[in-house]
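Contents: one structure, followed by commentary.
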Amino acid sequence: MSILGTRVIRTEDPRLLTSGGVYVDDLREPELTGAVRATFVRSPVAHALITGIDPAEALTQPGVVAVLTAADMTDMPDQVPPEPLPEGSPPPEGPMPMGGVWSEPLLAVDRVRFVGEPVALVLTDSTYQGEDAAELVSVEYEQLAAVPSIEAALTDETLLFPEAGTNVCTRGLGDISDDSIFDGCEVIVEGDVVNQRVAALPMEGRSTAAAWVNGKLTVWCSTQNAQISRLILTAIGLPPDAIRVVAPDVGGGFGAKIGIDRESIVVAWAAKHTGRPVRWVESRGENLVAMTQGRAQQHHIKIGGSRDGHIQAYRLDVVQDTGAYPRMSGFLPMLTNLMAPGVYDIPDVQAAYKVVVTDGTPIAAYRGAGRPEAAATIERAVDWYAAEAGVDPAVVRKLNFIRPEQFPFVTKTGAPYDTGDYEAALDKVLEAAGYADLRAEQQRRRDAGETRQLGIGLASYVEITAADGGAGETAKVEVHDDGTATVYTGSSAHGQGHHTAFAMIVTAELGIPMDKIEVVHGDTDLIPDGIGTYASRSLQLGGSAVQKAAIEVKDEAAKKAAELFEAAEADVVLDAETGSWHIAGDPDKSLTWSQVASAADEGLIVANVRFTADRPTFPFGSQLSLVEVDVETGKVTLLRHVTADDAGPVLNPILLDGQRHGGIAQGAAQALCEEILYDMDGNPLTSTLADYAAITAAELPSFELLRSETPTPVNPMGVKGIGEAGTIGATPAVHNAVIDAVSHLGVRHIDMPMTPERVWNAIQLGGARKVSAE
Amino acid sequence: MKVELTVNGKDITADVEDRMLLVHFLRDVADLTATNIGCETTSCGACTVLLDGESVKSCTVLAAQADGHSVTTLEGLASDSGEMHPVQQAFHTEHGLQCGYCTPGMVMAIVSLLKENPSPTEADVRSGLEGNICRCTGYHNIVRAALVAAASSNSGAGK
């Protein structure tokens with residue numbers, strides 16, 4: 001029996017459980033001996049001109065090695081100067097990062113645009129000295145009016161980039177002006193949905209160490225992709241082969257560690273500039289103001305259909321707050337537009353977006369990156385519509401699902417869905433949860449006027465994974481003359497279990513036992529070419545590459561075995577159960593991997609491949625959330641969360657479920673408690689974990705997981721991504737559940753996070769806000 | 001100032017700054033890096049260690065406060081023969097960790113929790129872990145690991 005699909009506990013764990021991981025702050029590499037500590041001086045104001053920086057007092061402090069500012073970066077290549085747009089021209093269109101007039105400096109030059117923006121770098125012998133000295137770097141600010149919100153940005157009264165002439169940095173091409181798509185709709189609902197700004201919050205914040213030795217810069221960075229980080233680091237004026245990037249153990253990423261941030265580039269430059277090894281490990285206070293955050297969209301939607309539950313038209317208008325610098329420009333809302341209609345076959349769909357800069361922390365990818373926002377809103381819209389039409393929300397979903405026989409299916413927004421069975425997934429959760437019984441109990445509590453009301457929330461989702469424009473992933477598999485194997489992957493692990501998963505794939509193909517397989521990732525000297533981990537791509541691209549390399553190794557080994565057997569290659573077979581080579585029909589003669597590899601050049605059989613997929617995959621599922629709402633206090637208790645997820649065939653169920661658990665928790669967290677907040681002057685109000693309400697074990701139940709396995713034709717294993725699915729489904733399921741619990745009190749919508757205060761207020765107002773129905 | 005701590009059974013004497021936090025003493029003086037720092041507000045629990053057998057967050061204890069006391073970190077949990085503690089073992093079998101960063105603190109918090117309450121319910125475990133944040137696992141398998149460790153310790157004690 002193949003090991004694939006079986007429950008294999010992780011090979012990564014024993015080390016992490018006994019001596020702990022080796023994260024950047026734990027590195028004891030000889031090149032880092034005597035490394036100085038980097039401490040950033042950060043802007044305390046949201047929007048200001050810098051009129052002077054004086055490091056004199058800081059330089060007198062014990063242990064201070066240097067205070068560096070943008071003015072010291074004379075050994076950097078010139079930055080591309082901003083090019084003003086012609087007067088009156090519209091903002092540029094398109095989803096890619098723009099630079100130019102919207103460029104983000106490495107250290108602030110003459111203006112700061114968010115609290116936490118790095119202004120100077122202090123190098124000291126110890127951490128405590130750095131904190132002391134950074135406070136003594138004198139920076140003079142001439143404060144400007146802040147742009148703390150989307151509303152403020154859209155007025156263009158204060159501009160973050162005056163040369164741009166607007167705060168709108170890009171917009172989509174979608175046309176949402178034609179209202180005739182709603183002609184004939186018997187039920188129309190229109191309203192606003194906020195998808196609030198949240199923190200990615202990996203438990204290890206950002207961290208980087210760098211050493212400049214003999215003309216080579218080695219950078220250890222907590223990143224999701226060492227190879228892409230290396231390309232970005234060439235910005236400091238070194239060719240790629242003069243840079244080695246190593247990703248040691250990485251304490252979570254969730255999208256916010258894709259690539260490498262400006263602070264890390266500055267640290268790498270500082271090591272080269274000063275000739276001293278430098279280490280930077282951010283505090284949580286820095287992390288919550290300066291690591292990129294997620295979501296931060298406002299949606300205006302309109303949905304219409306027939307009285308009997310058939311949706312005819314849907315419109316989504318997105319405004320993306322991209323924070324102070326458009327790191328990902330229009331990419332996130334472009335994905336939100338692409339996935340706007342979700343799992344539904346809606347005859348008419350319109351979607352548009354615009355992106356504005358504000359004096360907030362820059363926004364980038366966070367677990368789902370544009371797709372959760374689409375799912376959150378279409379699933380709210382369907383519930384609005386169902387409530388207005390008076391049809392059960394489960395029934396409305398079933399009436400409008402894209403049906404299995406319609407795949408491959410291209411949506412009205414252009415998403416090429418590969419495979420799916422949306423109704424089967426919903427039926428699974430309805431049955432497992434006991435939907436009819438839950439509705440009966442809900443009715444009983446309503447009739448009895450109980451304090452604790454029950455809410456049942458549904459969300460059916462589809463998402464796009466591994467949408468990478470054909471970049472694919474690399475793998476190299478080597479079998480050595482001692483019978484062991486080494487896997488080099490361009491994919492990058494930070495908790496997902498790559499080492500276990502990829503070793504399982506090689507075991508399944510070659511029959512070499514797991515404990516004789518080493519998996520290596522995240523070192524550009526060993527793996528110069530790779531894409532890394534994001535967009536739920538690791539198994540479907542990285543794993544497929546490993547499988548492809550293993551198969552090539554097997555083919556090469558068959559030739560060697562045939563020579564050793566003095567037999568025809570076609571007659572040589574590998575017993576993948578035992579990892580031994582035979583001649584077909586003659587089980588007495590056998591060769592081990594060690595014997596076969598020993599016969600190869602240099603005692604090594606190796607295959608070096610890149611796997612590419614010609615299109616992305618679309619995992620899907622349904623989630624049901626059951627909550628209790630105390631109508632006297634507004635307190636929400638999440639009682640049950642049942643999901644049926646389908647990401648194709650399962651490699652290792654414990655890894656699959658681990659991804660789902662974490663995703664559900666993060667999704668529920670957005671619905672219930674997490675939000676990054678600013679005051680009207682752009683000061684962050686949630687810059688510590690005492691203020692930012694990260695979800696804990698006490699607020700969550702154990703999850704009830706069901707699954708199905710609908711393969712995709714896009715890759716040989718038929719697998720799709722599961723890393724983000726939990727997050728995407730959970731937010732609207734929990735959101736809908738809370739509103740369902742109080743809908744009989746006239747509440748139609750509550751914006752996230754649904755804190756007790758917000759829920760209580762909504763109950764008092766009877767839902768008379770934001771939603772209008774015709 | 002001079003402090004003397006017993007860390008994982010080993011006596012360590014050092015001259016440290018008055019303001020040195022216990023977590024920095026463990027990491028930088030004792031060179032035991034399993035204990036991680038996840039915040040500076042006693043909120044996340046990544047730095048949880050045992051001080052005289054009770055869990056504390058070592059980012060809000062001064063090394064000076066631990067002077068003369070005994071500290072156990074993740075590195076000191078396995079038996080002398082290298083056999084994992086039941087809580088470590090349960091984290092492995094139940095997939096109670098992903099990136100591993102919160103894990104040392106979680107393990108130490110659960111060791112302490114099970115010492116106080118050897119047969120906790122799921123609700124006991126969840127409320128007991130309220131001060132430890134994990135961003136990867138959704139807590140599901142951490143809670144299971146705690147319950148499995150409790151069950152295995154109890155059955156072991158009954159032998």
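Following the order of the structure tokens, first chain is A, next is B, and so on, with residues numbered from 1 inside each chain and ligands from 1 in the order they appear.
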Exercise: region 7-17 of chain B partners within 10 Å, only C-alpha atoms, chain neighbours under 4 positions left out, as a tab-separated table (two decimals) with N, CA and C atoms, in the first residue's frame:
```tsv
chain	number	residue	atom	x	y	z
A	128	TYR	N	19.60	45.93	24.61
A	128	TYR	CA	19.14	46.99	25.52
A	128	TYR	C	19.77	48.33	25.15
B	1	MET	N	24.73	43.18	38.44
B	1	MET	CA	24.59	42.42	39.68
B	1	MET	C	24.86	40.95	39.42
B	2	LYS	N	25.20	40.24	40.50
B	2	LYS	CA	25.51	38.82	40.37
B	2	LYS	C	24.25	37.99	40.68
B	3	VAL	N	23.93	37.06	39.81
B	3	VAL	CA	22.79	36.18	40.09
B	3	VAL	C	23.23	34.72	39.96
B	21	LEU	N	16.03	40.75	31.68
B	21	LEU	CA	14.86	39.88	31.82
B	21	LEU	C	15.31	38.43	31.90
B	25	PHE	N	18.30	36.22	30.01
B	25	PHE	CA	19.28	35.42	30.75
B	25	PHE	C	19.32	34.00	30.19
B	26	LEU	N	18.16	33.43	29.98
B	26	LEU	CA	18.11	32.05	29.48
B	26	LEU	C	18.71	31.95	28.08
B	29	VAL	N	22.66	34.30	28.24
B	29	VAL	CA	23.66	33.90	29.23
B	29	VAL	C	23.75	32.37	29.30
B	30	ALA	N	22.60	31.72	29.45
B	30	ALA	CA	22.61	30.25	29.53
B	30	ALA	C	22.69	29.61	28.14
B	32	LEU	N	20.37	28.97	26.06
B	32	LEU	CA	19.27	28.02	25.81
B	32	LEU	C	18.23	28.76	24.98
B	50	LEU	N	9.22	27.20	33.50
B	50	LEU	CA	8.83	26.87	34.87
B	50	LEU	C	9.83	27.50	35.83
B	51	LEU	N	9.30	28.25	36.81
B	51	LEU	CA	10.13	28.83	37.86
B	51	LEU	C	9.75	28.11	39.14
B	62	LEU	N	12.38	39.45	36.01
B	62	LEU	CA	13.79	39.85	35.91
B	62	LEU	C	14.66	38.66	36.30
B	63	ALA	N	15.82	38.59	35.69
B	63	ALA	CA	16.78	37.57	36.10
B	63	ALA	C	17.03	37.69	37.60
B	64	ALA	N	17.05	38.95	38.08
B	64	ALA	CA	17.29	39.18	39.51
B	64	ALA	C	16.21	38.55	40.38
B	67	ASP	N	16.87	34.99	40.96
B	67	ASP	CA	18.13	34.71	41.68
B	67	ASP	C	17.85	33.70	42.81
B	68	GLY	N	18.63	32.62	42.82
B	68	GLY	CA	18.47	31.62	43.86
B	68	GLY	C	17.36	30.62	43.60
B	69	HIS	N	16.73	30.76	42.44
B	69	HIS	CA	15.61	29.85	42.13
B	69	HIS	C	15.99	28.90	41.00
B	70	SER	N	15.05	28.00	40.75
B	70	SER	CA	15.29	26.95	39.77
B	70	SER	C	14.37	27.15	38.56
B	71	VAL	N	14.94	27.07	37.38
B	71	VAL	CA	14.18	27.29	36.15
B	71	VAL	C	14.25	26.04	35.28
B	72	THR	N	13.11	25.67	34.70
B	72	THR	CA	13.10	24.58	33.72
B	72	THR	C	12.62	25.12	32.39
B	73	THR	N	13.38	24.84	31.34
B	73	THR	CA	12.97	25.24	29.99
B	73	THR	C	12.68	23.98	29.18
B	74	LEU	N	12.24	24.19	27.95
B	74	LEU	CA	11.92	23.04	27.09
B	74	LEU	C	13.09	22.06	27.01
B	75	GLU	N	14.30	22.60	26.96
B	75	GLU	CA	15.48	21.74	26.82
B	75	GLU	C	15.66	20.80	28.01
B	76	GLY	N	15.05	21.16	29.14
B	76	GLY	CA	15.23	20.36	30.35
B	76	GLY	C	14.11	19.39	30.62
B	77	LEU	N	13.23	19.20	29.63
B	77	LEU	CA	12.01	18.43	29.88
B	77	LEU	C	12.18	16.94	29.61
```
If the cut-off is 8 Å, can you tell me the residues of chain B near chain A, counting only C-alpha atoms? I'd like them as a PyMOL selection string. chain B and resi 33-35+37-41+43-44+74-75+77-78+84+88+91-95+97-104+123+126-127+129-141
I need the residues from that last selection saved to file as a tab-separated table (two decimals), in the first residue's frame (with N, CA and C atoms), if you can.
```tsv
chain	number	residue	atom	x	y	z
B	33	THR	N	18.19	28.46	23.68
B	33	THR	CA	17.41	29.29	22.76
B	33	THR	C	16.04	28.72	22.42
B	34	ALA	N	15.65	27.62	23.06
B	34	ALA	CA	14.30	27.09	22.75
B	34	ALA	C	13.22	28.09	23.18
B	35	THR	N	13.44	28.78	24.29
B	35	THR	CA	12.45	29.72	24.79
B	35	THR	C	12.43	30.95	23.88
B	37	ILE	N	10.68	34.64	22.25
B	37	ILE	CA	10.02	35.89	22.66
B	37	ILE	C	8.98	36.22	21.60
B	38	GLY	N	7.73	36.36	22.02
B	38	GLY	CA	6.67	36.65	21.04
B	38	GLY	C	6.02	38.00	21.23
B	39	CYS	N	6.25	38.62	22.38
B	39	CYS	CA	5.70	39.95	22.61
B	39	CYS	C	6.47	40.54	23.78
B	40	GLU	N	6.05	41.73	24.21
B	40	GLU	CA	6.71	42.31	25.38
B	40	GLU	C	5.66	42.78	26.37
B	41	THR	N	4.48	42.16	26.28
B	41	THR	CA	3.39	42.60	27.15
B	41	THR	C	2.78	41.43	27.94
B	43	SER	N	1.54	38.80	26.90
B	43	SER	CA	0.28	38.42	26.29
B	43	SER	C	0.34	37.07	25.58
B	44	CYS	N	1.49	36.70	25.02
B	44	CYS	CA	1.48	35.60	24.06
B	44	CYS	C	1.98	34.28	24.62
B	74	LEU	N	12.24	24.19	27.95
B	74	LEU	CA	11.92	23.04	27.09
B	74	LEU	C	13.09	22.06	27.01
B	75	GLU	N	14.30	22.60	26.96
B	75	GLU	CA	15.48	21.74	26.82
B	75	GLU	C	15.66	20.80	28.01
B	77	LEU	N	13.23	19.20	29.63
B	77	LEU	CA	12.01	18.43	29.88
B	77	LEU	C	12.18	16.94	29.61
B	78	ALA	N	12.94	16.61	28.59
B	78	ALA	CA	13.10	15.19	28.26
B	78	ALA	C	13.89	14.49	29.36
B	84	MET	N	11.22	11.71	25.34
B	84	MET	CA	10.42	12.93	25.45
B	84	MET	C	9.44	12.82	26.62
B	88	GLN	N	5.51	16.49	25.40
B	88	GLN	CA	6.24	16.58	24.12
B	88	GLN	C	5.79	15.47	23.18
B	91	PHE	N	2.40	16.17	21.73
B	91	PHE	CA	2.47	17.18	20.68
B	91	PHE	C	2.89	16.54	19.36
B	92	HIS	N	3.79	15.58	19.43
B	92	HIS	CA	4.27	14.91	18.22
B	92	HIS	C	3.16	14.04	17.60
B	93	THR	N	2.55	13.18	18.41
B	93	THR	CA	1.57	12.25	17.85
B	93	THR	C	0.29	12.96	17.42
B	94	GLU	N	-0.07	14.07	18.09
B	94	GLU	CA	-1.33	14.75	17.78
B	94	GLU	C	-1.14	15.91	16.81
B	95	HIS	N	0.06	16.11	16.28
B	95	HIS	CA	0.35	17.23	15.38
B	95	HIS	C	0.00	18.55	16.06
B	97	LEU	N	1.89	21.00	16.73
B	97	LEU	CA	2.77	22.13	16.39
B	97	LEU	C	2.91	22.21	14.87
B	98	GLN	N	3.11	23.43	14.41
B	98	GLN	CA	3.41	23.63	12.99
B	98	GLN	C	4.74	24.37	12.87
B	99	CYS	N	4.73	25.70	12.98
B	99	CYS	CA	6.01	26.41	12.81
B	99	CYS	C	6.93	26.23	14.01
B	100	GLY	N	6.38	25.88	15.16
B	100	GLY	CA	7.20	25.56	16.32
B	100	GLY	C	7.55	26.73	17.22
B	101	TYR	N	7.14	27.93	16.85
B	101	TYR	CA	7.61	29.10	17.60
B	101	TYR	C	6.92	29.23	18.96
B	102	CYS	N	5.61	28.98	19.00
B	102	CYS	CA	4.90	29.06	20.28
B	102	CYS	C	5.09	27.79	21.10
B	103	THR	N	5.61	26.74	20.45
B	103	THR	CA	5.59	25.39	21.01
B	103	THR	C	6.30	25.27	22.36
B	104	PRO	N	7.53	25.80	22.52
B	104	PRO	CA	8.16	25.65	23.83
B	104	PRO	C	7.31	26.24	24.95
B	123	ALA	N	-12.59	22.09	28.31
B	123	ALA	CA	-12.81	23.49	28.70
B	123	ALA	C	-11.71	23.96	29.66
B	126	ARG	N	-8.66	24.68	27.56
B	126	ARG	CA	-8.81	25.91	26.76
B	126	ARG	C	-8.68	27.16	27.64
B	127	SER	N	-9.33	27.16	28.79
B	127	SER	CA	-9.20	28.36	29.63
B	127	SER	C	-7.79	28.44	30.22
B	129	LEU	N	-5.10	27.73	28.74
B	129	LEU	CA	-4.14	28.18	27.71
B	129	LEU	C	-4.48	29.57	27.18
B	130	GLU	N	-5.35	30.27	27.85
B	130	GLU	CA	-5.79	31.58	27.34
B	130	GLU	C	-4.62	32.54	27.19
B	131	GLY	N	-3.58	32.35	27.97
B	131	GLY	CA	-2.43	33.26	27.89
B	131	GLY	C	-1.35	32.82	26.94
B	132	ASN	N	-1.64	31.85	26.11
B	132	ASN	CA	-0.63	31.38	25.14
B	132	ASN	C	-1.24	31.44	23.74
B	133	ILE	N	-0.61	32.23	22.88
B	133	ILE	CA	-1.14	32.40	21.52
B	133	ILE	C	-0.40	31.50	20.55
B	134	CYS	N	-1.18	30.80	19.73
B	134	CYS	CA	-0.63	30.04	18.60
B	134	CYS	C	-1.31	30.57	17.36
B	135	ARG	N	-0.57	30.76	16.30
B	135	ARG	CA	-1.17	31.32	15.09
B	135	ARG	C	-1.34	30.25	14.01
B	136	CYS	N	-0.77	29.07	14.21
B	136	CYS	CA	-0.78	28.04	13.15
B	136	CYS	C	-1.87	26.99	13.33
B	137	THR	N	-2.06	26.51	14.54
B	137	THR	CA	-2.82	25.26	14.74
B	137	THR	C	-4.29	25.47	15.04
B	138	GLY	N	-4.72	26.70	15.23
B	138	GLY	CA	-6.10	26.93	15.65
B	138	GLY	C	-6.38	26.30	17.01
B	139	TYR	N	-5.32	25.91	17.71
B	139	TYR	CA	-5.37	25.32	19.06
B	139	TYR	C	-5.95	23.91	19.09
B	140	HIS	N	-6.60	23.49	18.02
B	140	HIS	CA	-7.34	22.22	18.02
B	140	HIS	C	-6.44	21.08	18.49
B	141	ASN	N	-5.30	20.92	17.84
B	141	ASN	CA	-4.44	19.79	18.18
B	141	ASN	C	-3.58	20.04	19.42
```
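Atom pair CA of Thr124 (chain A) / CA of Leu136 (chain A) has a distance of 13.1 Å (rounded to one decimal).
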Atom-to-atom span, CA of Leu121 (chain A) and CA of Val41 (chain A), Å: 6.0 Å
Which residues come within 12 Å of region 588-590 of chain A, counting only C-alpha atoms, excluding same-chain residues fewer than 3 positions away, as a list in words? Ala561, Ala562, Leu564, Phe565, Glu566, Ala567, Val572, Val573, Leu574, Asp575, Thr578, Gly579, Ser580, Trp581, His582, Ile583, Ala584, Gly585, Trp593, Ser594, Gln595 and Val596 of chain A
Non-local contacts of Arg380 (chain A) (8 Å; only C-alpha atoms; under 5 positions in same chain excluded) as a PDB file with C-alpha atoms, in the first residue's frame:
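Once everything was written out, this is around_9.pdb:
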```pdb
ATOM      1  CA  PRO A 732     -18.372  34.432   6.449  1.00  0.00           C
ATOM      2  CA  HIS A 735     -20.230  36.279  10.392  1.00  0.00           C
ATOM      3  CA  ASN A 736     -23.484  34.881   9.038  1.00  0.00           C
TER       4      ASN A 736
END
```
For Cys221 (chain A), list every protein, DNA or RNA residue within 8 Å, evaluated using only C-alpha atoms, and leave out those in the same chain fewer than 6 positions away; present the list as number ranges by chain. A: 24, 206-209, 245-248, 260, 264
So that I have them on file, write out the residues from the current selection with N, CA and C atoms, as a short mmCIF file (atom, residue, chain, number, x, y, z; two decimals), in the first residue's frame.
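Resulting contents of result.cif:
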```
data_model
loop_
_atom_site.label_atom_id
_atom_site.label_comp_id
_atom_site.auth_asym_id
_atom_site.auth_seq_id
_atom_site.Cartn_x
_atom_site.Cartn_y
_atom_site.Cartn_z
N VAL A 24 15.99 33.05 13.41
CA VAL A 24 17.12 33.97 13.16
C VAL A 24 17.81 34.37 14.46
N ARG A 206 9.32 39.69 12.18
CA ARG A 206 10.36 39.71 11.14
C ARG A 206 11.74 39.70 11.79
N SER A 207 12.66 39.08 11.14
CA SER A 207 14.02 39.03 11.69
C SER A 207 14.99 38.76 10.55
N THR A 208 16.16 39.37 10.67
CA THR A 208 17.18 39.22 9.63
C THR A 208 18.56 39.36 10.27
N ALA A 209 19.47 38.51 9.83
CA ALA A 209 20.87 38.69 10.20
C ALA A 209 21.67 38.69 8.91
N VAL A 245 21.03 33.85 0.45
CA VAL A 245 19.94 34.03 1.41
C VAL A 245 19.60 32.67 2.00
N VAL A 246 19.51 32.65 3.31
CA VAL A 246 19.13 31.43 4.02
C VAL A 246 17.87 31.71 4.83
N ALA A 247 16.87 30.87 4.65
CA ALA A 247 15.70 30.92 5.53
C ALA A 247 15.89 29.82 6.56
N PRO A 248 16.23 30.17 7.78
CA PRO A 248 16.32 29.12 8.81
C PRO A 248 14.90 28.72 9.23
N ILE A 260 10.99 40.02 1.08
CA ILE A 260 11.83 40.57 2.14
C ILE A 260 11.49 42.05 2.26
N SER A 264 14.73 44.63 6.36
CA SER A 264 15.70 43.55 6.14
C SER A 264 16.73 43.94 5.09
#
```
Residues within 10 Å of region 137-143 of chain A, please, as a count of residues only. Count only C-alpha atoms; anything in the same chain fewer than 2 positions from it doesn't count. 33
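The list of residues with at least one atom within 10 Å of Ala535 (chain A), based on only C-alpha atoms and without residues fewer than 3 positions apart in the same chain, reads Phe254, Gly255, Ala365, Tyr366, Arg367, Gly368, Ala369, Ile464, Thr465, Ala466, Ala467, Asp468, Gly532, Ser538, Gly721, Ile722, Gly723 and Glu724 of chain A.
If you look at CA of Leu231 (chain A) and CA of Ala256 (chain A), they are 17.5 Å away from each other.
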Using DSSP on the backbone coordinates, identify all residues within chain B classified as alpha helix (DSSP H); present the result as number ranges by chain. B: 22-24, 86-93, 103-116, 122-128, 140-158
Among the residues A:Ile750, A:Ala733, A:Val343, A:Leu510, the one that comes closest to Phe407 (chain A) [using only C-alpha atoms]: A:Val343
